[in-house]
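Peer 1: To be precise about what I am sending: the file is called structure.txt and holds compact mmCIF, C-alpha atoms and all ligand atoms.
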```
# COMPACT_ATOMS: atom_id res chain seq x y z
CA MET A 1 90.82 112.38 143.37
CA HIS A 2 92.02 111.43 139.91
CA LYS A 3 95.03 113.44 138.85
CA LYS A 4 95.04 114.55 135.24
CA LEU A 5 98.05 112.86 133.70
CA PHE A 6 100.67 114.84 131.81
CA ILE A 7 103.17 112.00 132.10
CA PRO A 8 104.53 110.21 129.02
CA GLY A 9 102.58 107.06 129.61
CA PRO A 10 100.32 105.75 130.76
CA VAL A 11 98.08 108.56 129.57
CA ASP A 12 94.53 109.41 130.57
CA VAL A 13 92.05 107.21 128.76
CA ALA A 14 88.68 108.54 127.64
CA PRO A 15 85.80 107.10 129.73
CA ASP A 16 84.07 105.54 126.71
CA VAL A 17 87.33 103.80 125.72
CA LEU A 18 87.81 102.53 129.28
CA GLU A 19 84.28 101.20 129.18
CA LYS A 20 85.12 99.12 126.09
CA MET A 21 87.72 97.27 128.16
CA GLY A 22 84.74 95.81 129.99
CA THR A 23 83.16 94.25 126.89
CA PRO A 24 81.97 90.68 127.60
CA MET A 25 84.47 88.03 126.48
CA ILE A 26 84.35 86.11 123.25
CA GLY A 27 86.27 82.96 122.39
CA HIS A 28 89.67 83.72 120.91
CA ARG A 29 89.15 80.98 118.30
CA THR A 30 85.93 82.41 116.94
CA LYS A 31 85.04 84.27 113.78
CA GLU A 32 84.33 87.33 115.95
CA ALA A 33 87.90 87.26 117.24
CA SER A 34 89.24 87.03 113.68
CA ASP A 35 87.01 89.93 112.61
CA LEU A 36 88.11 92.05 115.56
CA GLN A 37 91.77 91.47 114.88
CA ARG A 38 91.41 92.03 111.13
CA ASN A 39 89.58 95.32 111.74
CA ILE A 40 92.32 96.51 114.08
CA THR A 41 94.93 95.60 111.47
CA GLN A 42 93.20 97.61 108.75
CA LYS A 43 92.82 100.67 110.97
CA MET A 44 96.37 100.45 112.34
CA GLN A 45 97.67 100.27 108.76
CA LYS A 46 96.09 103.68 108.16
CA VAL A 47 97.59 105.19 111.32
CA MET A 48 101.02 103.76 110.43
CA TYR A 49 100.84 104.50 106.68
CA THR A 50 101.69 100.92 105.79
CA ASP A 51 100.25 98.00 103.90
CA LYS A 52 102.41 95.51 105.83
CA GLN A 53 101.03 92.91 108.22
CA ILE A 54 100.29 94.23 111.70
CA LEU A 55 101.20 92.04 114.69
CA LEU A 56 99.68 92.46 118.13
CA SER A 57 101.46 91.28 121.25
CA THR A 58 99.97 90.98 124.70
CA SER A 59 102.91 92.69 126.33
CA SER A 60 104.01 96.27 126.60
CA GLY A 61 106.15 97.82 123.85
CA THR A 62 109.36 96.37 125.28
CA GLY A 63 108.09 92.89 124.41
CA LEU A 64 108.07 93.65 120.70
CA MET A 65 111.47 95.36 120.96
CA GLU A 66 112.76 92.06 122.34
CA GLY A 67 110.89 90.08 119.69
CA ALA A 68 112.28 92.23 116.88
CA ILE A 69 115.95 92.28 117.81
CA ARG A 70 115.97 88.60 118.75
CA SER A 71 113.92 87.32 115.80
CA CYS A 72 115.58 89.31 113.03
CA THR A 73 119.28 89.81 113.84
CA ARG A 74 121.30 87.31 111.79
CA LYS A 75 124.80 88.77 112.25
CA ARG A 76 124.92 91.84 114.44
CA ALA A 77 122.69 94.76 115.41
CA ALA A 78 123.66 98.44 115.37
CA VAL A 79 121.78 100.13 118.23
CA PHE A 80 121.49 103.92 118.06
CA SER A 81 120.63 105.55 121.33
CA VAL A 82 119.72 109.08 122.38
CA GLY A 83 118.58 108.15 125.88
CA ALA A 84 117.22 105.49 128.18
CA PHE A 85 114.89 103.79 125.70
CA GLY A 86 117.56 103.59 123.03
CA LYS A 87 119.88 101.93 125.52
CA ARG A 88 117.14 99.47 126.37
CA TRP A 89 117.52 97.89 122.92
CA HIS A 90 121.14 97.16 123.75
CA GLU A 91 120.29 95.68 127.14
CA ILE A 92 117.71 93.45 125.45
CA ALA A 93 120.23 92.31 122.85
CA GLU A 94 122.77 91.44 125.55
CA ALA A 95 120.22 89.58 127.64
CA ASN A 96 119.32 87.46 124.62
CA GLY A 97 122.88 86.82 123.47
CA VAL A 98 122.27 88.82 120.30
CA PRO A 99 125.52 90.45 119.10
CA ALA A 100 125.03 94.23 119.13
CA ASP A 101 126.98 97.48 119.32
CA LEU A 102 125.72 100.63 120.98
CA PHE A 103 126.12 104.02 119.28
CA GLU A 104 125.21 106.75 121.74
CA SER A 105 124.71 110.42 121.04
CA GLU A 106 125.61 113.08 123.55
CA MET A 107 122.70 113.76 125.95
CA GLY A 108 120.20 116.09 124.29
CA LYS A 109 121.57 115.47 120.77
CA PRO A 110 119.93 113.31 118.09
CA THR A 111 121.08 110.27 116.14
CA THR A 112 122.51 111.70 112.93
CA PRO A 113 122.33 110.19 109.44
CA GLU A 114 126.14 110.46 109.32
CA MET A 115 126.51 108.24 112.41
CA VAL A 116 124.22 105.64 110.89
CA ASP A 117 126.02 105.74 107.54
CA GLU A 118 129.41 105.37 109.17
CA ALA A 119 128.31 102.32 111.17
CA LEU A 120 126.47 100.58 108.34
CA SER A 121 129.27 101.19 105.83
CA THR A 122 131.44 98.76 107.81
CA GLY A 123 129.20 95.91 106.59
CA LYS A 124 129.15 94.44 110.11
CA TYR A 125 125.45 94.97 110.72
CA ASP A 126 122.27 93.49 109.32
CA LEU A 127 119.79 95.11 111.70
CA VAL A 128 119.57 98.66 112.97
CA THR A 129 117.47 100.03 115.82
CA VAL A 130 116.48 103.68 115.97
CA THR A 131 114.35 105.48 118.55
CA HIS A 132 111.92 107.76 116.78
CA ASN A 133 110.87 109.67 119.87
CA GLU A 134 113.06 109.34 122.95
CA THR A 135 110.81 109.74 125.96
CA SER A 136 113.63 110.48 128.42
CA THR A 137 115.34 113.37 126.62
CA GLY A 138 112.32 114.55 124.64
CA ILE A 139 114.07 114.19 121.29
CA MET A 140 112.36 113.37 118.03
CA ASN A 141 115.09 112.01 115.77
CA PRO A 142 115.44 113.19 112.14
CA VAL A 143 113.95 109.95 110.88
CA GLU A 144 113.51 111.10 107.26
CA ALA A 145 117.24 111.72 106.84
CA ILE A 146 118.15 108.56 108.76
CA ALA A 147 115.80 106.50 106.60
CA GLU A 148 117.42 107.85 103.42
CA VAL A 149 120.79 106.56 104.62
CA ILE A 150 119.44 103.15 105.62
CA LYS A 151 117.95 102.75 102.13
CA LYS A 152 121.52 102.56 100.80
CA TYR A 153 121.88 99.24 102.65
CA PRO A 154 119.14 96.97 101.32
CA ASP A 155 120.13 93.95 103.45
CA VAL A 156 119.76 95.82 106.72
CA VAL A 157 116.51 95.36 108.68
CA PHE A 158 115.31 98.77 109.93
CA THR A 159 113.52 98.63 113.28
CA LEU A 160 112.00 101.82 114.67
CA ASP A 161 110.70 102.48 118.19
CA THR A 162 107.65 104.73 117.86
CA VAL A 163 106.20 103.77 121.26
CA SER A 164 105.69 107.37 122.38
CA SER A 165 104.97 108.99 119.02
CA MET A 166 102.77 106.77 116.83
CA ALA A 167 99.32 108.38 116.42
CA GLY A 168 100.71 111.68 117.75
CA THR A 169 102.80 112.61 114.73
CA LYS A 170 103.00 111.44 111.14
CA ILE A 171 105.24 108.41 110.63
CA GLU A 172 104.97 107.01 107.12
CA VAL A 173 106.27 103.51 107.73
CA ASP A 174 106.35 102.27 104.13
CA ARG A 175 107.70 105.46 102.60
CA LEU A 176 110.49 105.50 105.19
CA GLY A 177 111.26 101.85 104.49
CA VAL A 178 110.81 100.79 108.12
CA ASP A 179 110.79 96.99 108.39
CA ILE A 180 109.52 96.69 111.95
CA CYS A 181 107.75 99.70 113.45
CA ILE A 182 106.85 99.24 117.11
CA THR A 183 104.37 101.03 119.33
CA SER A 184 102.25 100.34 122.39
CA THR A 185 98.83 101.31 123.58
CA GLN A 186 99.43 103.52 126.64
CA LYS A 187 100.97 106.57 124.99
CA ALA A 188 99.78 108.62 122.00
CA LEU A 189 97.20 105.96 121.09
CA GLY A 190 95.37 106.77 124.33
CA LEU A 191 94.61 103.33 125.78
CA PRO A 192 95.52 101.45 128.96
CA PRO A 193 98.93 99.69 128.99
CA GLY A 194 99.20 96.02 128.07
CA LEU A 195 99.21 95.65 124.30
CA ALA A 196 102.02 96.26 121.81
CA ILE A 197 101.66 96.66 118.07
CA CYS A 198 104.11 96.43 115.18
CA SER A 199 104.22 96.32 111.41
CA ILE A 200 106.48 93.74 109.79
CA SER A 201 107.92 93.70 106.26
CA GLU A 202 108.76 90.76 104.03
CA LYS A 203 112.43 91.62 104.45
CA ALA A 204 112.18 91.26 108.23
CA LEU A 205 110.32 87.96 107.85
CA GLU A 206 112.95 86.60 105.46
CA ALA A 207 115.65 87.62 107.94
CA ALA A 208 113.82 85.81 110.76
CA LYS A 209 113.82 82.59 108.73
CA GLU A 210 117.62 82.59 108.96
CA VAL A 211 117.65 82.99 112.75
CA PRO A 212 117.55 79.60 114.50
CA ASN A 213 116.59 80.60 118.07
CA ARG A 214 113.90 83.22 117.93
CA GLY A 215 112.45 82.42 121.34
CA TYR A 216 108.83 81.32 121.65
CA TYR A 217 106.31 83.91 122.85
CA LEU A 218 107.85 86.84 121.00
CA ASP A 219 108.91 84.99 117.84
CA LEU A 220 107.67 87.46 115.23
CA LEU A 221 107.82 84.91 112.41
CA ALA A 222 105.63 82.48 114.39
CA LEU A 223 103.10 85.25 115.09
CA TYR A 224 103.04 86.19 111.42
CA GLU A 225 102.62 82.62 110.20
CA TYR A 226 99.84 81.87 112.66
CA ILE A 227 97.92 84.96 111.53
CA GLN A 228 98.21 83.84 107.90
CA LYS A 229 97.09 80.31 108.67
CA LYS A 230 94.33 81.07 111.19
CA ASP A 231 92.83 84.27 109.80
CA HIS A 232 94.15 86.87 112.23
CA GLN A 233 94.19 84.74 115.33
CA TYR A 234 97.15 84.36 117.69
CA PRO A 235 99.05 81.29 118.98
CA SER A 236 98.18 82.12 122.62
CA THR A 237 95.24 83.93 124.21
CA PRO A 238 95.55 87.67 123.52
CA SER A 239 94.17 90.50 125.66
CA LEU A 240 90.78 90.68 124.01
CA SER A 241 89.83 93.52 126.37
CA HIS A 242 92.54 95.72 124.90
CA MET A 243 91.48 94.72 121.42
CA PHE A 244 87.87 95.79 121.98
CA ALA A 245 89.11 99.14 123.28
CA LEU A 246 91.74 99.57 120.55
CA ASP A 247 89.27 98.83 117.77
CA TYR A 248 86.95 101.47 119.23
CA GLN A 249 89.67 104.05 119.88
CA LEU A 250 91.03 103.66 116.34
CA ASP A 251 87.61 104.65 115.02
CA HIS A 252 87.79 107.75 117.19
CA ILE A 253 91.31 108.55 115.94
CA LEU A 254 90.32 108.16 112.30
CA GLU A 255 87.19 110.24 112.89
CA GLU A 256 89.26 113.04 114.39
CA GLY A 257 91.34 112.77 111.20
CA LEU A 258 95.02 111.89 111.28
CA GLU A 259 96.18 115.29 110.02
CA ASN A 260 93.97 117.05 112.60
CA ARG A 261 95.34 114.82 115.31
CA PHE A 262 98.94 115.54 114.33
CA GLN A 263 98.20 119.29 114.18
CA ARG A 264 96.65 119.19 117.65
CA HIS A 265 99.80 117.51 118.99
CA LEU A 266 102.06 120.00 117.20
CA LYS A 267 100.17 123.00 118.57
CA MET A 268 100.41 121.64 122.12
CA ALA A 269 104.14 121.01 121.63
CA GLN A 270 104.74 124.52 120.31
CA TYR A 271 102.82 126.07 123.19
CA THR A 272 104.74 124.02 125.77
CA ARG A 273 108.08 124.85 124.15
CA SER A 274 107.47 128.59 124.19
CA TRP A 275 106.33 128.39 127.80
CA ALA A 276 109.43 126.35 128.67
CA LYS A 277 111.75 128.86 126.99
CA GLU A 278 110.14 131.71 128.88
CA GLN A 279 110.33 130.02 132.29
CA PHE A 280 113.24 127.58 131.91
CA GLU A 281 115.09 126.10 128.92
CA LEU A 282 114.41 123.27 126.52
CA PHE A 283 116.57 120.23 127.16
CA PRO A 284 116.99 119.05 123.54
CA GLU A 285 118.05 121.23 120.65
CA GLU A 286 114.81 122.86 119.58
CA GLN A 287 114.82 121.55 116.00
CA TYR A 288 114.73 118.01 117.44
CA ALA A 289 112.13 118.70 120.15
CA SER A 290 109.42 116.07 120.37
CA ASN A 291 105.82 116.74 119.34
CA THR A 292 104.40 114.45 122.03
CA LEU A 293 106.33 115.48 125.14
CA THR A 294 108.62 118.29 126.23
CA THR A 295 111.70 117.77 128.36
CA ILE A 296 112.59 120.95 130.21
CA ARG A 297 115.91 121.83 131.79
CA ASN A 298 115.40 122.85 135.43
CA THR A 299 117.39 126.08 135.17
CA LYS A 300 115.66 127.57 138.23
CA GLY A 301 116.85 124.73 140.43
CA ILE A 302 113.36 124.15 141.82
CA SER A 303 112.48 120.87 143.52
CA VAL A 304 110.63 118.99 140.81
CA ALA A 305 109.39 116.49 143.40
CA ASP A 306 107.85 119.32 145.46
CA LEU A 307 106.36 120.91 142.35
CA ASN A 308 104.72 117.63 141.47
CA LYS A 309 103.43 117.21 145.02
CA GLU A 310 101.79 120.62 144.89
CA LEU A 311 100.42 119.92 141.40
CA GLY A 312 98.99 116.70 142.79
CA LYS A 313 96.96 118.66 145.34
CA ARG A 314 95.57 120.65 142.44
CA GLY A 315 94.70 117.55 140.42
CA TYR A 316 97.63 117.28 138.01
CA SER A 317 100.65 115.07 137.52
CA ILE A 318 103.81 115.66 135.47
CA SER A 319 107.03 113.60 135.26
CA ASN A 320 110.39 114.16 136.82
CA GLY A 321 113.46 113.67 134.61
CA TYR A 322 114.30 110.10 133.69
CA GLY A 323 117.18 108.31 135.47
CA SER A 324 120.22 110.56 135.74
CA LEU A 325 118.16 113.51 134.47
CA LYS A 326 115.94 113.44 137.57
CA GLU A 327 115.58 116.92 139.14
CA LYS A 328 117.88 118.28 136.42
CA THR A 329 114.96 118.11 134.01
CA PHE A 330 111.24 117.47 134.10
CA ARG A 331 108.82 116.28 131.46
CA ILE A 332 105.39 117.37 130.35
CA ALA A 333 103.59 115.01 128.02
CA HIS A 334 101.05 116.36 125.55
CA MET A 335 99.72 113.34 123.78
CA ALA A 336 96.68 111.18 123.10
CA GLU A 337 93.43 112.99 123.98
CA THR A 338 95.00 115.93 125.83
CA THR A 339 93.85 119.30 124.51
CA LEU A 340 95.53 122.69 124.33
CA LYS A 341 92.98 123.90 126.88
CA ASP A 342 94.03 121.18 129.37
CA LEU A 343 97.65 122.03 128.80
CA LYS A 344 97.16 125.77 129.33
CA ALA A 345 95.41 125.03 132.60
CA LEU A 346 98.35 122.90 133.76
CA LEU A 347 100.99 125.47 132.81
CA LYS A 348 99.02 128.19 134.62
CA GLU A 349 99.12 126.11 137.79
CA ILE A 350 102.88 125.61 137.40
CA ASP A 351 103.34 129.36 136.89
CA ASP A 352 101.38 129.98 140.06
CA ILE A 353 103.39 127.46 142.09
CA ILE A 354 106.85 128.63 141.01
CA LYS A 355 106.19 132.39 141.01
C1 LIG A 401 107.48 103.84 126.98
C2 LIG A 401 108.53 103.58 125.98
C3 LIG A 401 109.07 102.31 125.77
C4 LIG A 401 108.70 101.16 126.61
O1 LIG A 401 107.43 100.78 126.30
P1 LIG A 401 106.59 99.85 127.30
O2 LIG A 401 105.29 99.81 126.59
O3 LIG A 401 106.58 100.54 128.63
O4 LIG A 401 107.29 98.55 127.34
C5 LIG A 401 110.00 102.14 124.77
N1 LIG A 401 110.39 103.16 124.02
C6 LIG A 401 109.92 104.41 124.20
C7 LIG A 401 110.41 105.49 123.32
C8 LIG A 401 108.97 104.64 125.18
O5 LIG A 401 108.50 105.87 125.36
```
Could you take the file, read its structure, and then write that structure out as structure tokens?

Peer 2:
Amino acid sequence: MHKKLFIPGPVDVAPDVLEKMGTPMIGHRTKEASDLQRNITQKMQKVMYTDKQILLSTSSGTGLMEGAIRSCTRKRAAVFSVGAFGKRWHEIAEANGVPADLFESEMGKPTTPEMVDEALSTGKYDLVTVTHNETSTGIMNPVEAIAEVIKKYPDVVFTLDTVSSMAGTKIEVDRLGVDICITSTQKALGLPPGLAICSISEKALEAAKEVPNRGYYLDLLALYEYIQKKDHQYPSTPSLSHMFALDYQLDHILEEGLENRFQRHLKMAQYTRSWAKEQFELFPEEQYASNTLTTIRNTKGISVADLNKELGKRGYSISNGYGSLKEKTFRIAHMAETTLKDLKALLKEIDDIIK
């Protein structure tokens, strides 16, 4: 039996989108491939509110995180972390020999504009990484206020991880001044895992030109230049299957209407939060609670593993807490094509199991 997924990636994929993954192959050096990739770019630009070049990478989101911090850090990166995925940026920097400092917030608290200002005012950093939506703690950072601060430092490249929020909440990449905005297919976009997507600004490209060892596969400047030269094709063979499905799913997303889609996500988040406050407690401060997933503090001391086992028998799956938050918290994702009706059905089952 297929369990309905309420985990923060991979998400359930609509049957018609899954079917598009099975589209017969085309050559990746054909006009059709160029057309496909150009169409995806134009649609992704709408979803991301940007007119910057879109890059696709046949990797998961982590691949483009690695590409960004390695390709565009000239001096030193300031990594702001509010959980496991924020920390990942720092691990990536270390593994690549990229100088970086980690600025962690207390568990459940956001990255504040003051923290960012304090770090950048030292003049030590020329790249900053921020997690928009931290999938471990369920925090959505105050990106508007953070972006205002970063604008005071025009030499700093602003990279933003929107892996679990893009297409589930409004993120106006150009207005915020984000230089590299990263997402991947298996979360709020509602596709199978395996493709990552980012926007890239001229500033980020200029920075990359000053970095001698950008790696090979994930060299963002090389990807950009190839696209310019070869009309939206890629240096190596991309996952065309994902591209067929993404092109199709983006039509669906734009047909739903971006504002409608964001509202649907918000309503699901609000419903889950009020349920969580009635039965347990929210893990993050409520004003920073994510619109795409809810992290709940296990105040009843239930066995989350057992809860999930029982839910499994009933055809549902949620997520335990991430890393050290396992059993202390649990997570309910409400993203991609999930509806309020689906969510209500899940929460009713949980109520029944824990009563
Ligand atoms: C899932 C996730 C990642 C990692 O993305 P992959 O596509 O699994 O590599 C990074 N950041 C956040 C916030 C995520 O939710």

Peer 1: Enumerate residues in contact with ligand LIG 401 (chain A): an atom-to-atom distance of at most 7 Å, counting only C-alpha atoms and all ligand atoms. Format the result as a list in words.

Peer 2: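 Using only C-alpha atoms and all ligand atoms, I find these residues within 7 Å of ligand LIG 401 (chain A): Pro8, Gly9, Ser60, Gly61, Thr62, Gly63, Phe85, Thr131, Asn133, Glu134, Thr135, Asp161, Thr162, Val163, Ser164, Ser184, Gln186, Pro193 and Ala196 of chain A.
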
Peer 1: Pick from A:Met140, A:Ala208, A:Ala68, A:Ile332: nearest to Ala276 of chain A, with only C-alpha atoms counted?

Peer 2: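 For Ala276 of chain A, the nearest of the candidates is A:Ile332.
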
Peer 1: Counting all atoms listed in the file, figure out which residue out of A:Gly138, A:Gly177, A:Gly323, A:Gly301 gets nearest to Glu202 of chain A.

Peer 2: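 Result for the nearest residue to Glu202 of chain A: A:Gly177.
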
Peer 1: Need the shell around segment 124-129 of chain A: protein/DNA/RNA residues with any atom at most 8 Å away, counting all atoms listed in the file. Skip same-chain ones fewer than 4 positions apart. Format as a ChimeraX atom specification?

Peer 2: /A:69,72-80,89,119-120,155-161

Peer 1: Need to verify the contact set: Glu66 of chain A, 10 Å, only C-alpha atoms, exclusion of same-chain residues closer than 2 positions in sequence. Can you return it as a ChimeraX atom specification?

Peer 2: /A:61-64,68-71,88-93,95-96,214-215,218-220

Peer 1: What's the separation between atom CA of Thr169 of chain A and atom CA of Leu311 of chain A, in Å to one decimal place?

Peer 2: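 Taking atom CA of Thr169 of chain A as the start and atom CA of Leu311 of chain A as the end point, the length is 27.8 Å.
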